[in-house]
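Text of upload-v3.json, listed as JSON, C-alpha atoms:
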[["chain", "number", "residue", "atom", "x", "y", "z"],
["A", 21, "MET", "CA", 97.47, 38.89, -127.94],
["A", 22, "VAL", "CA", 99.45, 42.11, -128.08],
["A", 23, "ILE", "CA", 97.50, 45.32, -128.52],
["A", 24, "MET", "CA", 99.42, 47.99, -130.35],
["A", 25, "VAL", "CA", 98.70, 51.50, -129.12],
["A", 26, "ARG", "CA", 99.29, 54.16, -131.73],
["A", 27, "GLN", "CA", 101.36, 56.96, -130.30],
["A", 28, "PRO", "CA", 100.81, 60.50, -131.54],
["A", 29, "SER", "CA", 103.46, 61.75, -133.89],
["A", 30, "ILE", "CA", 106.02, 64.28, -132.80],
["A", 31, "ASN", "CA", 104.38, 66.80, -135.11],
["A", 32, "ALA", "CA", 101.00, 66.17, -133.50],
["A", 33, "GLN", "CA", 102.45, 66.59, -130.03],
["A", 34, "ASN", "CA", 104.05, 69.91, -130.90],
["A", 35, "ARG", "CA", 101.22, 71.22, -133.06],
["A", 36, "PRO", "CA", 99.27, 74.14, -131.58],
["A", 37, "PRO", "CA", 95.59, 73.45, -130.86],
["A", 38, "LEU", "CA", 93.16, 73.79, -133.71],
["A", 39, "THR", "CA", 91.24, 77.06, -133.58],
["A", 40, "ILE", "CA", 89.04, 78.99, -135.97],
["A", 41, "GLU", "CA", 91.84, 81.54, -136.34],
["A", 42, "ARG", "CA", 94.34, 78.84, -137.40],
["A", 43, "ILE", "CA", 91.83, 77.37, -139.82],
["A", 44, "ILE", "CA", 91.11, 80.73, -141.47],
["A", 45, "GLU", "CA", 94.81, 81.61, -141.70],
["A", 46, "ALA", "CA", 95.63, 78.24, -143.29],
["A", 47, "ALA", "CA", 92.76, 78.62, -145.75],
["A", 48, "LEU", "CA", 93.92, 82.12, -146.63],
["A", 49, "ALA", "CA", 97.44, 80.81, -147.28],
["A", 50, "ILE", "CA", 96.01, 78.27, -149.72],
["A", 51, "VAL", "CA", 93.93, 80.89, -151.51],
["A", 52, "ASP", "CA", 96.84, 83.35, -151.66],
["A", 53, "GLY", "CA", 99.24, 80.74, -152.97],
["A", 54, "GLN", "CA", 97.06, 78.54, -155.17],
["A", 55, "GLY", "CA", 93.80, 80.36, -155.81],
["A", 56, "LEU", "CA", 90.26, 80.07, -154.49],
["A", 57, "GLY", "CA", 89.47, 77.12, -156.71],
["A", 58, "ARG", "CA", 92.11, 75.01, -154.96],
["A", 59, "LEU", "CA", 90.60, 75.45, -151.51],
["A", 60, "THR", "CA", 89.02, 72.18, -150.37],
["A", 61, "MET", "CA", 88.39, 70.85, -146.90],
["A", 62, "ARG", "CA", 90.74, 67.93, -147.55],
["A", 63, "ARG", "CA", 93.54, 70.20, -148.73],
["A", 64, "LEU", "CA", 92.93, 72.45, -145.74],
["A", 65, "GLY", "CA", 93.12, 69.46, -143.41],
["A", 66, "ASP", "CA", 96.42, 68.44, -144.97],
["A", 67, "ALA", "CA", 97.81, 71.95, -144.44],
["A", 68, "LEU", "CA", 96.75, 71.84, -140.78],
["A", 69, "GLU", "CA", 97.90, 68.22, -140.38],
["A", 70, "VAL", "CA", 94.46, 67.12, -139.17],
["A", 71, "GLU", "CA", 91.63, 65.06, -140.56],
["A", 72, "ALA", "CA", 89.20, 67.18, -142.53],
["A", 73, "MET", "CA", 86.41, 66.16, -140.14],
["A", 74, "ALA", "CA", 88.25, 67.90, -137.29],
["A", 75, "ILE", "CA", 87.64, 71.21, -139.04],
["A", 76, "TYR", "CA", 83.88, 70.68, -138.85],
["A", 77, "HIS", "CA", 84.04, 70.74, -135.06],
["A", 78, "HIS", "CA", 84.96, 74.42, -135.36],
["A", 79, "LEU", "CA", 83.03, 75.19, -138.55],
["A", 80, "PRO", "CA", 79.80, 73.14, -138.42],
["A", 81, "ARG", "CA", 78.56, 74.60, -141.73],
["A", 82, "GLY", "CA", 81.74, 73.47, -143.42],
["A", 83, "LYS", "CA", 83.01, 75.28, -146.48],
["A", 84, "GLU", "CA", 80.21, 77.85, -146.50],
["A", 85, "GLN", "CA", 81.21, 78.98, -143.03],
["A", 86, "LEU", "CA", 84.87, 78.87, -144.04],
["A", 87, "LEU", "CA", 84.26, 81.20, -146.98],
["A", 88, "ASP", "CA", 82.31, 83.59, -144.76],
["A", 89, "GLY", "CA", 85.26, 83.56, -142.39],
["A", 90, "LEU", "CA", 87.67, 84.39, -145.19],
["A", 91, "VAL", "CA", 85.55, 87.37, -146.21],
["A", 92, "ALA", "CA", 85.41, 88.64, -142.65],
["A", 93, "HIS", "CA", 89.15, 88.16, -142.18],
["A", 94, "VAL", "CA", 89.97, 90.24, -145.25],
["A", 95, "ALA", "CA", 87.06, 92.69, -145.50],
["A", 96, "VAL", "CA", 86.72, 93.77, -141.89],
["A", 97, "ALA", "CA", 89.20, 96.63, -141.68],
["A", 98, "PRO", "CA", 87.74, 99.51, -139.68],
["A", 99, "ALA", "CA", 89.11, 102.97, -140.26],
["A", 100, "ALA", "CA", 91.14, 104.25, -137.32],
["A", 101, "ALA", "CA", 89.79, 107.29, -135.57],
["A", 102, "ALA", "CA", 91.48, 110.56, -136.45],
["A", 103, "PRO", "CA", 93.64, 112.00, -133.65],
["A", 104, "GLY", "CA", 92.06, 115.40, -134.25],
["A", 105, "ALA", "CA", 88.81, 116.59, -135.79],
["A", 106, "ALA", "CA", 90.68, 118.37, -138.58],
["A", 107, "GLU", "CA", 92.64, 115.24, -139.57],
["A", 108, "TRP", "CA", 89.75, 113.00, -140.58],
["A", 109, "ARG", "CA", 90.52, 113.30, -144.29],
["A", 110, "ASP", "CA", 94.09, 112.09, -143.69],
["A", 111, "ALA", "CA", 92.69, 109.16, -141.70],
["A", 112, "LEU", "CA", 90.33, 108.30, -144.56],
["A", 113, "ARG", "CA", 93.15, 108.46, -147.06],
["A", 114, "ARG", "CA", 95.37, 106.22, -144.93],
["A", 115, "TRP", "CA", 92.52, 103.73, -144.66],
["A", 116, "ALA", "CA", 91.92, 103.70, -148.43],
["A", 117, "VAL", "CA", 95.60, 103.14, -149.22],
["A", 118, "ALA", "CA", 95.93, 100.38, -146.62],
["A", 119, "TYR", "CA", 92.68, 98.69, -147.70],
["A", 120, "ARG", "CA", 93.80, 98.62, -151.33],
["A", 121, "GLU", "CA", 97.07, 96.98, -150.27],
["A", 122, "ARG", "CA", 95.16, 94.47, -148.13],
["A", 123, "LEU", "CA", 92.85, 93.49, -150.97],
["A", 124, "LEU", "CA", 95.73, 93.19, -153.41],
["A", 125, "GLU", "CA", 97.59, 90.96, -150.97],
["A", 126, "HIS", "CA", 94.57, 88.66, -150.71],
["A", 127, "ALA", "CA", 93.21, 89.07, -154.24],
["A", 128, "GLY", "CA", 92.04, 85.46, -154.30],
["A", 129, "VAL", "CA", 89.32, 86.35, -151.81],
["A", 130, "LEU", "CA", 88.13, 89.29, -153.92],
["A", 131, "PRO", "CA", 85.49, 87.28, -155.87],
["A", 132, "LEU", "CA", 83.80, 86.52, -152.55],
["A", 133, "LEU", "CA", 83.73, 90.19, -151.57],
["A", 134, "VAL", "CA", 81.90, 91.30, -154.70],
["A", 135, "THR", "CA", 79.09, 88.82, -154.11],
["A", 136, "ARG", "CA", 76.52, 88.95, -151.35],
["A", 137, "ARG", "CA", 78.49, 86.55, -149.18],
["A", 138, "ASN", "CA", 78.79, 87.75, -145.56],
["A", 139, "PRO", "CA", 77.51, 91.31, -146.15],
["A", 140, "ALA", "CA", 77.99, 92.08, -142.45],
["A", 141, "ALA", "CA", 81.76, 92.11, -142.98],
["A", 142, "LEU", "CA", 81.57, 95.03, -145.40],
["A", 143, "ALA", "CA", 78.83, 96.70, -143.37],
["A", 144, "SER", "CA", 81.04, 96.98, -140.30],
["A", 145, "THR", "CA", 83.84, 98.53, -142.34],
["A", 146, "ALA", "CA", 81.44, 100.98, -143.99],
["A", 147, "ALA", "CA", 80.06, 101.93, -140.57],
["A", 148, "SER", "CA", 83.54, 102.87, -139.34],
["A", 149, "LEU", "CA", 84.05, 105.05, -142.40],
["A", 150, "ARG", "CA", 80.67, 106.71, -141.92],
["A", 151, "GLU", "CA", 81.46, 107.48, -138.29],
["A", 152, "LEU", "CA", 84.84, 108.98, -139.20],
["A", 153, "ILE", "CA", 83.33, 111.16, -141.93],
["A", 154, "HIS", "CA", 80.44, 112.23, -139.69],
["A", 155, "ARG", "CA", 82.84, 113.29, -136.94],
["A", 156, "GLY", "CA", 84.54, 115.44, -139.56],
["A", 157, "GLY", "CA", 81.41, 117.55, -139.83],
["A", 158, "VAL", "CA", 79.56, 115.83, -142.69],
["A", 159, "PRO", "CA", 75.83, 115.28, -142.05],
["A", 160, "ASP", "CA", 74.96, 111.68, -141.24],
["A", 161, "ASP", "CA", 73.06, 110.92, -144.47],
["A", 162, "ALA", "CA", 75.82, 112.40, -146.63],
["A", 163, "ALA", "CA", 78.45, 110.61, -144.55],
["A", 164, "SER", "CA", 76.73, 107.28, -145.18],
["A", 165, "VAL", "CA", 76.72, 107.87, -148.94],
["A", 166, "ALA", "CA", 80.35, 108.98, -148.90],
["A", 167, "ALA", "CA", 81.40, 105.92, -146.87],
["A", 168, "HIS", "CA", 79.76, 103.48, -149.28],
["A", 169, "THR", "CA", 81.15, 105.38, -152.27],
["A", 170, "LEU", "CA", 84.69, 105.20, -150.91],
["A", 171, "LEU", "CA", 84.37, 101.51, -150.02],
["A", 172, "ALA", "CA", 82.92, 100.68, -153.44],
["A", 173, "PHE", "CA", 85.67, 102.64, -155.16],
["A", 174, "VAL", "CA", 88.51, 100.80, -153.42],
["A", 175, "ILE", "CA", 86.99, 97.36, -153.99],
["A", 176, "GLY", "CA", 86.08, 98.14, -157.59],
["A", 177, "HIS", "CA", 89.49, 99.62, -158.38],
["A", 178, "VAL", "CA", 91.28, 96.59, -156.97],
["A", 179, "ALA", "CA", 88.98, 94.27, -158.94],
["A", 180, "LEU", "CA", 89.90, 96.06, -162.17],
["A", 181, "GLU", "CA", 93.55, 96.19, -161.18],
["A", 182, "VAL", "CA", 93.71, 92.46, -160.50],
["A", 183, "ARG", "CA", 91.84, 91.69, -163.70],
["A", 184, "GLY", "CA", 94.15, 93.92, -165.71],
["A", 185, "THR", "CA", 97.40, 92.64, -164.24],
["A", 186, "GLY", "CA", 99.07, 89.42, -165.37],
["A", 187, "ASP", "CA", 100.76, 86.86, -163.17],
["A", 188, "ASP", "CA", 104.07, 88.56, -163.85],
["A", 189, "GLY", "CA", 102.78, 91.88, -162.57],
["A", 190, "ALA", "CA", 102.59, 93.47, -166.01],
["A", 191, "THR", "CA", 99.47, 95.08, -167.43],
["A", 192, "THR", "CA", 97.57, 92.71, -169.68],
["A", 193, "ALA", "CA", 97.01, 93.66, -173.30],
["A", 194, "ALA", "CA", 93.25, 93.95, -172.69],
["A", 195, "ALA", "CA", 93.78, 96.47, -169.88],
["A", 196, "ALA", "CA", 96.45, 98.58, -171.60],
["A", 197, "GLY", "CA", 95.16, 101.85, -172.94],
["A", 198, "PRO", "CA", 96.24, 103.89, -175.96],
["A", 199, "ASP", "CA", 99.06, 105.36, -173.91],
["A", 200, "GLY", "CA", 100.48, 101.97, -172.96],
["A", 201, "PRO", "CA", 100.50, 100.08, -169.66],
["A", 202, "VAL", "CA", 98.29, 101.37, -166.87],
["A", 203, "ASP", "CA", 99.93, 102.98, -163.85],
["A", 204, "TRP", "CA", 97.49, 101.57, -161.31],
["A", 205, "GLN", "CA", 99.04, 103.41, -158.39],
["A", 206, "ALA", "CA", 98.76, 106.78, -160.14],
["A", 207, "ARG", "CA", 95.22, 106.03, -161.28],
["A", 208, "PHE", "CA", 94.19, 105.07, -157.76],
["A", 209, "THR", "CA", 95.77, 108.18, -156.22],
["A", 210, "THR", "CA", 94.13, 110.52, -158.75],
["A", 211, "ALA", "CA", 90.69, 108.99, -158.32],
["A", 212, "LEU", "CA", 91.06, 108.99, -154.53],
["A", 213, "ASP", "CA", 91.93, 112.71, -154.63],
["A", 214, "GLN", "CA", 88.75, 113.40, -156.59],
["A", 215, "ILE", "CA", 86.60, 111.42, -154.18],
["A", 216, "MET", "CA", 88.16, 113.06, -151.14],
["A", 217, "ALA", "CA", 87.52, 116.50, -152.61],
["A", 218, "ALA", "CA", 83.86, 115.60, -153.11],
["A", 219, "VAL", "CA", 83.51, 114.43, -149.50],
["A", 220, "ALA", "CA", 84.39, 117.85, -148.09],
["A", 221, "PRO", "CA", 81.51, 119.30, -146.03]]
Take the structure in the file and write it out as structure tokens.
Amino acid sequence: MVIMVRQPSINAQNRPPLTIERIIEAALAIVDGQGLGRLTMRRLGDALEVEAMAIYHHLPRGKEQLLDGLVAHVAVAPAAAAPGAAEWRDALRRWAVAYRERLLEHAGVLPLLVTRRNPAALASTAASLRELIHRGGVPDDAASVAAHTLLAFVIGHVALEVRGTGDDGATTAAAAGPDGPVDWQARFTTALDQIMAAVAP
């Protein structure tokens, strides 16, 4: 009797080890390319070239833990400390612009951010904003309010922007105002200017 031993495929031999980081990145690629509704453990396993059960070794809670990981991957974006005390507003502005771009790039994850899923991810980002504002001379309580206001503004603006933009990048008829298509960049910049002016100590 001849026993056949199955040899690993060349792809399996050359494939990097499975890690939580690889799993989250592969899941994010599926969501970015196909939408959140297309993310399944089987499809994720196919993308990683592993059995779906292998994913559970790293994510014991399965898809729930995977979705929490996606939120953390996208939402955790601490504001960088300002190089000087007088430059904290510029640092806040750079954060807001970069965070908007990040959320737009991963708009498929946005529905998860606006629910209560993984609130710690947003809390850590808000804490970095509060610390930056507080170091700029704003009292701690006011800095906390300003941080949450700025975070809510960016997320809310992107949610409206994604909802009002078609697959071809054009403003949808429902989102167009009496003056025609919405200039989302200009609207964001104007609103951000108003918020930044209100944050001044």
Exercise for the section: With a distance cut-off of 7 Å and all atoms listed in the file, select the neighbouring residues of segment 109-117 of chain A, excluding the residue or stretch itself and same-chain residues fewer than 5 positions from it, and output the selection as a list in words. Expected result: Ala99, Ala100, Ala102 and Val174 of chain A
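The residue that comes closest to Ala166 of chain A, out of A:Ala106, A:Leu124, A:Ala74, A:Ile153 and on the basis of all atoms listed in the file, is A:Ile153.
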Problem - Long-range neighbours of Leu59 of chain A as a ChimeraX atom specification, 12 Å cut-off, all atoms listed in the file, 4 positions minimum in chain - result: /A:43-44,46-55,63-67,83-84,86-87,90,128-129
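Considering the residues A:Asp88, A:Asp160, A:Glu181, A:Glu121 and counting only C-alpha atoms, Arg136 of chain A has its shortest atom-to-atom contact with A:Asp88.
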Exercise for the section: Using all atoms listed in the file, find the one residue out of A:Ala92, A:Val219, A:Ala211, A:Gln85 that sits nearest to Arg150 of chain A. Expected result: A:Val219
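Minimum atom-to-atom distance to Arg120 of chain A, evaluated using all atoms listed in the file, belongs to A:His177 out of A:His154, A:His177, A:Arg81, A:Arg35.
The two atoms in question, atom CA of Ala101 of chain A and atom CA of Ile215 of chain A, are spaced 19.3 Å apart.
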Exercise for the section: Mind giving me the straight-line distance from atom CA of Arg62 of chain A to atom CA of Leu133 of chain A in Å, one decimal? Expected result: 23.7 Å
